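Taking it in order: structure first as structure tokens, then the write-up.
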Amino acid sequence: MIIYNFKNDYSEGAHPNILQALNASNYYQEEGYGEDNYCNLAKKSIFEIIQSKNSDVHFVSGGTQANLIVISSLLKPYESVIAAASGHIAVHETGAIEATGHKINTVQTKNGKLYPKDIEAQVAYHSDEHMVKPGMVYISNSTELGTVYTKKELEDLSGICKKYGLYLFMDGARLASALTSPAGDLKFPDFARLTDVFYIGGTKNGALLGEAIVINHPDLQKNFRFAMKQRGALLAKGRIFGIQFVELFKNDLFYQLAHHANAMAMKLAKGLRKAGYDFLTEPVSNQIFPVLPNSLIEKLSKKFGFYVWAPFDESRSSIRLVTSWATKEEMVDKFIEELNNLA
């Protein structure tokens, strides 16, 4: 019997403050399609946090929808997007981007990050009109391998994108975890300064659902709502996004929830390391990737939910353990205890 699920950070519902706010506002009439008072308040909070009055904010239901709408609406039909081979758009979105006619130029990386040399190589390779033309760079922070970008790394990426006229788009489904990671030094204003578009994930940080797309490049802001409507993202009851983001950015709840998720992951990592196990990537966020014997993985999977990420060698594999805003410390202790008992 599965005792606890470490598969993802959205198995729980929502933080009680959000549920209370949704309930309290339930009978108030509001405008539809994200033009309500709550969405306006949420946008105002985001403008203050990112310290940018020239950005534009739109709310959508989830990460795949955000990626699909941003990429498909901003690229020309013959343009492609550069991404890490492990990137969410390349692996876990059922070909959503390709279905819009845009090729993903994937780059093999060990840590899930992209670097200027990767971008330059892709631009140099796609040399004429018989090939797709790279028009955008897609990154995630934190990445699909749990790593986080530093300010220097993002500045370098931003610089190379400007050099070659590429849009820089950052998937922020787990941005809260990256912002509160001990390995990160980026702040919200840095994203407004260094990216053309990024989004703030709510689904994986205590909201029922919802991501806030922030468009910083002024030339990309016009008519974005048309793209949202065409892709089914302009919700009649858009108020539910605004209510949730107002609560997330009230009294630093957004950061508190991510701090908890990271702390639980670090405790898991400490216990695993003490037991003598290494990691696919250095644990710095709420996703960690320990490398364990296959026999131990099989035993642990009878009591805990997690994904087997990839084979490491003939006898070992890496697994993915994800903690959330609601992960109970006793369940972390239980996993470490079971790990030691089985080992």
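By convention in this document, the chains of the structure tokens carry letters A, B, ... by their order, each chain's residues are numbered from 1, and ligands are numbered from 1 in the order they are shown.
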Inset, instruction - Could you pull out the residues in range 162-303 of chain A that DSSP calls strand (DSSP E or B) from the backbone, as a ChimeraX atom specification? - result: /A:167-171,197-201,211-215,279,287-288,290-293
Would you mind listing, for every residue of range 67-118 of chain A within 12 Å of range 199-202 of chain A, the two atoms forming the shortest contact and the distance between them in Å to one decimal, using only C-alpha atoms, sorted by chain and ascending residue number, as CSV?
residue,atom,partner,partner_atom,distance
A:Asn67,CA,A:Tyr199,CA,9.2
A:Ile69,CA,A:Tyr199,CA,11.9
A:Val70,CA,A:Tyr199,CA,10.0
Inset, instruction - Write out as a VMD selection string each polymer residue whose atoms come within 12 Å of range 330-332 of chain A, counting only C-alpha atoms; drop sequence neighbours fewer than 5 positions from it. - result: chain A and resid 2 to 6 261 263 to 272 303 to 305 321 to 324 337 to 339
For those residues, write C-alpha atoms to a file as a short mmCIF file (atom, residue, chain, number, x, y, z; two decimals), in the first residue's frame.
data_model
loop_
_atom_site.label_atom_id
_atom_site.label_comp_id
_atom_site.auth_asym_id
_atom_site.auth_seq_id
_atom_site.Cartn_x
_atom_site.Cartn_y
_atom_site.Cartn_z
CA ILE A 2 1.31 3.45 -0.96
CA ILE A 3 1.91 5.49 2.21
CA TYR A 4 2.76 8.79 0.54
CA ASN A 5 3.16 10.23 -2.96
CA PHE A 6 6.39 12.03 -3.91
CA ALA A 261 8.75 22.53 -0.20
CA ALA A 263 13.15 22.45 3.10
CA MET A 264 11.41 19.09 2.88
CA ALA A 265 13.41 18.21 -0.25
CA MET A 266 16.66 19.19 1.44
CA LYS A 267 15.81 16.98 4.42
CA LEU A 268 15.16 14.08 2.05
CA ALA A 269 18.46 14.77 0.30
CA LYS A 270 20.35 14.89 3.59
CA GLY A 271 18.92 11.54 4.64
CA LEU A 272 19.73 9.96 1.28
CA LYS A 303 5.21 2.12 -0.07
CA PHE A 304 5.95 5.43 -1.78
CA GLY A 305 4.91 7.00 -5.06
CA LEU A 321 11.27 12.79 -5.54
CA VAL A 322 9.16 15.95 -5.43
CA THR A 323 8.01 17.77 -2.30
CA SER A 324 5.23 20.34 -2.11
CA GLU A 337 13.45 5.43 7.89
CA GLU A 338 12.14 2.98 5.29
CA LEU A 339 15.17 3.64 3.09
#
Each residue of range 141-191 of chain A lying at most 8 Å from range 278-299 of chain A should get a row with its shortest atom-to-atom pair and the distance in Å to one decimal, counting only C-alpha atoms; could you produce that, ordered by chain and increasing number, as a tab-separated table?
residue	atom	partner	partner_atom	distance
A:Ser142	CA	A:Ser285	CA	7.4
A:Leu145	CA	A:Thr281	CA	6.9
A:Gly146	CA	A:Gln287	CA	4.9
A:Thr147	CA	A:Val284	CA	6.4
A:Val148	CA	A:Val284	CA	7.5
A:Ser177	CA	A:Ser285	CA	5.8
A:Ala178	CA	A:Ser285	CA	6.4
A:Ser181	CA	A:Ser285	CA	5.6
A:Pro182	CA	A:Val284	CA	6.7
A:Ala183	CA	A:Val284	CA	6.1
Can you write out the residues you just picked, keeping N, CA and C atoms, as a tab-separated table (two decimals), in the first residue's frame?
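Contents of the output file part-v1.tsv:
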chain	number	residue	atom	x	y	z
A	142	SER	N	12.74	26.55	-11.77
A	142	SER	CA	13.79	25.56	-11.86
A	142	SER	C	13.59	24.64	-13.06
A	145	LEU	N	15.33	19.11	-14.20
A	145	LEU	CA	16.26	18.30	-13.41
A	145	LEU	C	16.52	18.93	-12.05
A	146	GLY	N	15.68	19.89	-11.68
A	146	GLY	CA	15.76	20.48	-10.34
A	146	GLY	C	16.84	21.52	-10.16
A	147	THR	N	17.57	21.86	-11.22
A	147	THR	CA	18.62	22.87	-11.12
A	147	THR	C	18.02	24.27	-11.29
A	148	VAL	N	18.78	25.29	-10.86
A	148	VAL	CA	18.29	26.66	-10.96
A	148	VAL	C	19.34	27.54	-11.63
A	177	SER	N	10.08	27.78	-6.26
A	177	SER	CA	11.14	26.94	-5.72
A	177	SER	C	12.51	27.48	-6.09
A	178	ALA	N	12.65	27.96	-7.33
A	178	ALA	CA	13.93	28.53	-7.76
A	178	ALA	C	14.26	29.80	-6.99
A	181	SER	N	15.50	28.91	-3.54
A	181	SER	CA	16.59	27.92	-3.47
A	181	SER	C	17.86	28.57	-2.95
A	182	PRO	N	18.62	27.87	-2.11
A	182	PRO	CA	19.89	28.41	-1.63
A	182	PRO	C	20.92	28.58	-2.74
A	183	ALA	N	20.68	27.92	-3.90
A	183	ALA	CA	21.62	28.01	-5.02
A	183	ALA	C	21.30	29.16	-5.96
Closest atom pairs, range 89-194 of chain A residues within 12 Å of range 58-62 of chain A, only C-alpha atoms, as JSON lines:
{"residue": "A:Glu93", "atom": "CA", "partner": "A:Gly62", "partner_atom": "CA", "distance": 11.6}
{"residue": "A:Asp171", "atom": "CA", "partner": "A:Gly62", "partner_atom": "CA", "distance": 11.0}
{"residue": "A:Gly172", "atom": "CA", "partner": "A:Gly62", "partner_atom": "CA", "distance": 10.8}
{"residue": "A:Ala173", "atom": "CA", "partner": "A:Gly62", "partner_atom": "CA", "distance": 8.3}
{"residue": "A:Arg174", "atom": "CA", "partner": "A:Gly62", "partner_atom": "CA", "distance": 11.7}
Inset, instruction - One decimal, Å: what's the distance from CA of Thr195 in chain A over to CA of Pro116 in chain A, could you say? - result: 14.5 Å
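Minimum distance to Leu68 in chain A across A:Gln230, A:Thr106, A:Gln51, A:Asn37 (counting only C-alpha atoms) occurs at A:Gln230.
Between Asn262 in chain A and the residues A:Thr180, A:Ser45, A:Thr143, A:Gln65, the shortest atom-to-atom distance, using only C-alpha atoms, involves A:Thr180.
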Legend entry - Neighbour list for Thr109 in chain A as a PyMOL selection string, cut-off 10 Å, only C-alpha atoms, skip fewer than 4 positions in-chain: chain A and resi 83-87+113-115+118
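Residue nearest Tyr307 in chain A within the list A:Asn23, A:Ala121, A:Met1, A:Lys7: A:Lys7 [criterion: smallest interatomic distance, only C-alpha atoms].
For the pair CA of Gly101 in chain A and CA of Pro77 in chain A, the interatomic distance is 6.7 Å.
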